[in-house]
Amino acid sequence: MRRLQPVLPVAVVALWALVALLGPWLPLAPDRVDLPQILAAPSAALPLGADDLGRPVLDRLLSGARTAFVVGVGVVLVSAIIGALLGGAAGFAGGWFDLVVVRVIDVFLAFPGILLAIALAGILGPGLGNVIVALSVVGWVGYARLARAQILSLKQREHVTAARALGVASPRILLRHLLPLALAPLVVEATFGIAAAVIAEAGLSFLGLGVQPPEASWGSMIRDGVGYMLVAPHLVLAPGLAVMTVVLAVNLLGDRLRDHLDVRSLRVAQ
Amino acid sequence: MSVRLLSRLGSAALVLFGVCTLVFLLIHLVPGDPVEAMLGESARPADREALRQALGLDLPLAQQYRNYLAGLARLDLGHSLLDQRPVAAVLAERLPATVQLAVTALLLALLLAIPLGVLAARKRGTGVDAGAMLFSLVGVSMPNFWLGPLLILLFSLWLGWLPVSGSDQPGSLVLPAVTLGTALAAILARMVRASVLEVLQEDYIRTARAKGLSESALLWRHALRNALLPVLTLVGLQLGALLGGAVITETVFGWPGLGSLLVESIQARDYPVVQGCVLLISVVYVAVNTATDLAYTLADPRIGVG
């Protein structure tokens, strides 16, 4: 797998980002109901057919790409920033603050997988913002743990002692002299985090806890399509393939990034 | 070692306490008034007050928290809003199905991952290896809410071999277990491969090989035993993903476990049952992880020293 060319994953992710960012300006009609086309099979006019309400599946797929992108990037940004700051501060400060943060991390890790996000999303109610909140509440822990471990090993370095001797304030040392050094593993973690968030968003939407209808999400498309699987399998196949392609591409990219960044850090060490 | 044992149990207890507190706070995250969310806007004020009192939501927060903890100590998790049954009884009814599903998925994943991982390590760099790793990559990236419907389409609707959903027919367990176990198998296969490759570098393997041991005896009898220890820890950690994934898998297949109960209760706004489900699944997870950790300590005496 390592030798796999990165061109394909990069292309997939770039296309996904492009569709998501240009979404509002694309001539899409994800909510256009066309009753005669209900459950229509793919054709020249409707490349991916129509769903149970006669809406064009391709348009909904591209519109769902935006939902997945906003949630994926949003969750990773929110949880990585909170996690890195909290975990970094804990590792740097030590003492009771570190003890408390570690305990809190342990408690959050005690909720299996997506369970807490499901409960939170269910209690907060549907909506894009609530999905991002629910997944970030669960997601920050990984970054916090990673940042804490990194800072613990980095804070003994001489340049930190030097900065301290020069009278640099602690928050500044953490933000300017320590966290930048811990960035590489956090970036790798964040890349895998995007893939996880895309699956999680689709999972929540599949359970009916994601974005509110009629907004399109790959997860809710699968959920709506399941009832018509025998007559219109494309309703389930298309969004599922979209989730898998994007997740696979992001994961492959993360693999490459991890190898790449590891190599660089080795070179620095030498 | 007993010191380690005690401290491990102590921290597990602390974590469980934190979990209980967080689950208690869940209901206070309901936007606006939880009572209104449960009864709807058109409810009569008298009914609202009655429910508020029944749930103890009219008391100060500290008092509510004390009552909640006292209830937990008696295994009293409150009552379902739907049918007034004790939450603990509802959970007890649904727990066996989830355990059955999770254990079957776990066994399935191990049965698939260990031979696959060992084979990939043994045939490193060949097509077999690449194929196994491709399976691993696809398996990790394949969401279970898609794999499940695909399996239903193929094996239930087209071939008619297995039931679409439910748990009362022979073969009902097969598709949910495969759906839930695939991602775990994919992750474990990768781990087994890496672990076997690492162990094969060890000196004692070279000694055994020099002794004239056959390559397969070497692999299965000598290498695998040590290679599986780190895999064991990973299984404990991945159990979380398995239990979380069970929520979705059970919903896909209408499997009558805790996961589908959680989703049903969320839809019915039956918050006491939601809290109970989250609490029970997390407690099971923490308990199994603590047990794995301790088993690991017992299996490998080198760890106990620290």
# chains A, B, ... in the order shown; residues from 1 in each chain; ligands from 1
>>> residues_around(residues="Pro27 in chain A", least_positions_apart="3", cutoff="9 Å", atoms="only C-alpha atoms", output="number ranges by chain")
A: 23-24, 59
>>> write_last_selection(atoms="C-alpha atoms", output="PDB file, in the first residue's frame")
ATOM      1  CA  GLY A  23     -21.393  24.037  -3.848  1.00  0.00           C
ATOM      2  CA  PRO A  24     -23.495  27.189  -3.477  1.00  0.00           C
ATOM      3  CA  ASP A  59     -27.468  16.685  -7.100  1.00  0.00           C
TER       4      ASP A  59
END
>>> closest_atom_pairs(of="chain B", to="chain A", cutoff="9 Å", atoms="only C-alpha atoms", output="Markdown table")
| residue | atom | partner | partner_atom | distance |
| --- | --- | --- | --- | --- |
| B:Ser11 | CA | A:Arg103 | CA | 8.8 |
| B:Leu14 | CA | A:Arg103 | CA | 8.2 |
| B:Val15 | CA | A:Val107 | CA | 5.1 |
| B:Leu16 | CA | A:Val107 | CA | 7.3 |
| B:Phe17 | CA | A:Val107 | CA | 8.5 |
| B:Gly18 | CA | A:Val107 | CA | 5.6 |
| B:Val19 | CA | A:Val107 | CA | 5.8 |
| B:Leu22 | CA | A:Val107 | CA | 8.5 |
| B:Leu26 | CA | A:Leu120 | CA | 7.3 |
| B:Ile27 | CA | A:Ile123 | CA | 7.5 |
| B:Leu29 | CA | A:Leu124 | CA | 6.9 |
| B:Val30 | CA | A:Ile123 | CA | 5.5 |
| B:Pro31 | CA | A:Leu124 | CA | 6.3 |
| B:Ala130 | CA | A:Met1 | CA | 6.9 |
| B:Met133 | CA | A:Met1 | CA | 7.2 |
| B:Leu134 | CA | A:Met1 | CA | 7.5 |
| B:Leu137 | CA | A:Leu248 | CA | 7.3 |
| B:Val138 | CA | A:Leu248 | CA | 7.0 |
| B:Val140 | CA | A:Leu248 | CA | 8.3 |
| B:Ser141 | CA | A:Leu248 | CA | 5.4 |
| B:Met142 | CA | A:Met244 | CA | 5.6 |
| B:Pro143 | CA | A:Ile199 | CA | 6.5 |
| B:Asn144 | CA | A:Gly203 | CA | 8.5 |
| B:Phe145 | CA | A:Gly203 | CA | 6.8 |
| B:Trp146 | CA | A:Gly240 | CA | 5.7 |
| B:Leu147 | CA | A:Gly240 | CA | 8.5 |
| B:Pro149 | CA | A:Val226 | CA | 6.7 |
| B:Leu150 | CA | A:Leu237 | CA | 8.1 |
| B:Leu153 | CA | A:Met229 | CA | 6.8 |
| B:Leu157 | CA | A:Leu230 | CA | 7.0 |
| B:Trp158 | CA | A:Leu230 | CA | 8.1 |
| B:Leu237 | CA | A:Pro112 | CA | 8.9 |
| B:Gln238 | CA | A:Gly113 | CA | 8.6 |
| B:Leu239 | CA | A:Pro112 | CA | 7.5 |
| B:Gly240 | CA | A:Pro112 | CA | 3.9 |
| B:Ala241 | CA | A:Gly113 | CA | 4.5 |
| B:Leu242 | CA | A:Gly113 | CA | 7.6 |
| B:Leu243 | CA | A:Pro112 | CA | 6.2 |
| B:Gly244 | CA | A:Gly113 | CA | 4.8 |
| B:Gly245 | CA | A:Ile114 | CA | 7.3 |
| B:Val247 | CA | A:Leu115 | CA | 7.5 |
| B:Ile248 | CA | A:Leu207 | CA | 7.3 |
| B:Thr251 | CA | A:Leu207 | CA | 7.8 |
| B:Val252 | CA | A:Arg223 | CA | 9.0 |
| B:Gly259 | CA | A:Leu115 | CA | 8.9 |
| B:Leu262 | CA | A:Ala119 | CA | 7.9 |
| B:Val263 | CA | A:Leu207 | CA | 7.4 |
| B:Ile266 | CA | A:Gly122 | CA | 5.7 |
| B:Gln267 | CA | A:Gly122 | CA | 7.7 |
| B:Arg269 | CA | A:Ile123 | CA | 8.1 |
| B:Tyr271 | CA | A:Ile123 | CA | 8.2 |
| B:Val274 | CA | A:Ala119 | CA | 7.1 |
| B:Gln275 | CA | A:Ala119 | CA | 8.2 |
| B:Val278 | CA | A:Leu115 | CA | 7.0 |
| B:Leu279 | CA | A:Phe111 | CA | 8.6 |
| B:Ile281 | CA | A:Pro112 | CA | 7.6 |
| B:Ser282 | CA | A:Phe111 | CA | 5.1 |
| B:Val283 | CA | A:Ala110 | CA | 8.0 |
| B:Tyr285 | CA | A:Pro112 | CA | 6.7 |
| B:Val286 | CA | A:Ala110 | CA | 6.0 |
>>> atom_distance(atom1="CA of Leu28 in chain A", atom2="CA of Arg66 in chain A")
11.9 Å
>>> select_by_dssp(residues="range 25-64 of chain B", states="helix (DSSP H, G or I)", output="VMD selection string")
chain B and resid 25 to 29 34 to 39 45 to 54 61 to 64
>>> atom_distance(atom1="CA of Leu53 in chain A", atom2="CA of Ser260 in chain B")
27.0 Å
>>> atom_distance(atom1="CA of Gly257 in chain B", atom2="CA of Leu95 in chain B")
5.9 Å
>>> closest_atom_pairs(of="range 69-90 of chain A", to="range 13-20 of chain A", cutoff="12 Å", atoms="only C-alpha atoms", output="Markdown table")
| residue | atom | partner | partner_atom | distance |
| --- | --- | --- | --- | --- |
| A:Phe69 | CA | A:Ala20 | CA | 6.3 |
| A:Val70 | CA | A:Ala20 | CA | 7.8 |
| A:Val71 | CA | A:Ala20 | CA | 11.0 |
| A:Gly72 | CA | A:Ala17 | CA | 10.8 |
| A:Val73 | CA | A:Ala17 | CA | 10.0 |
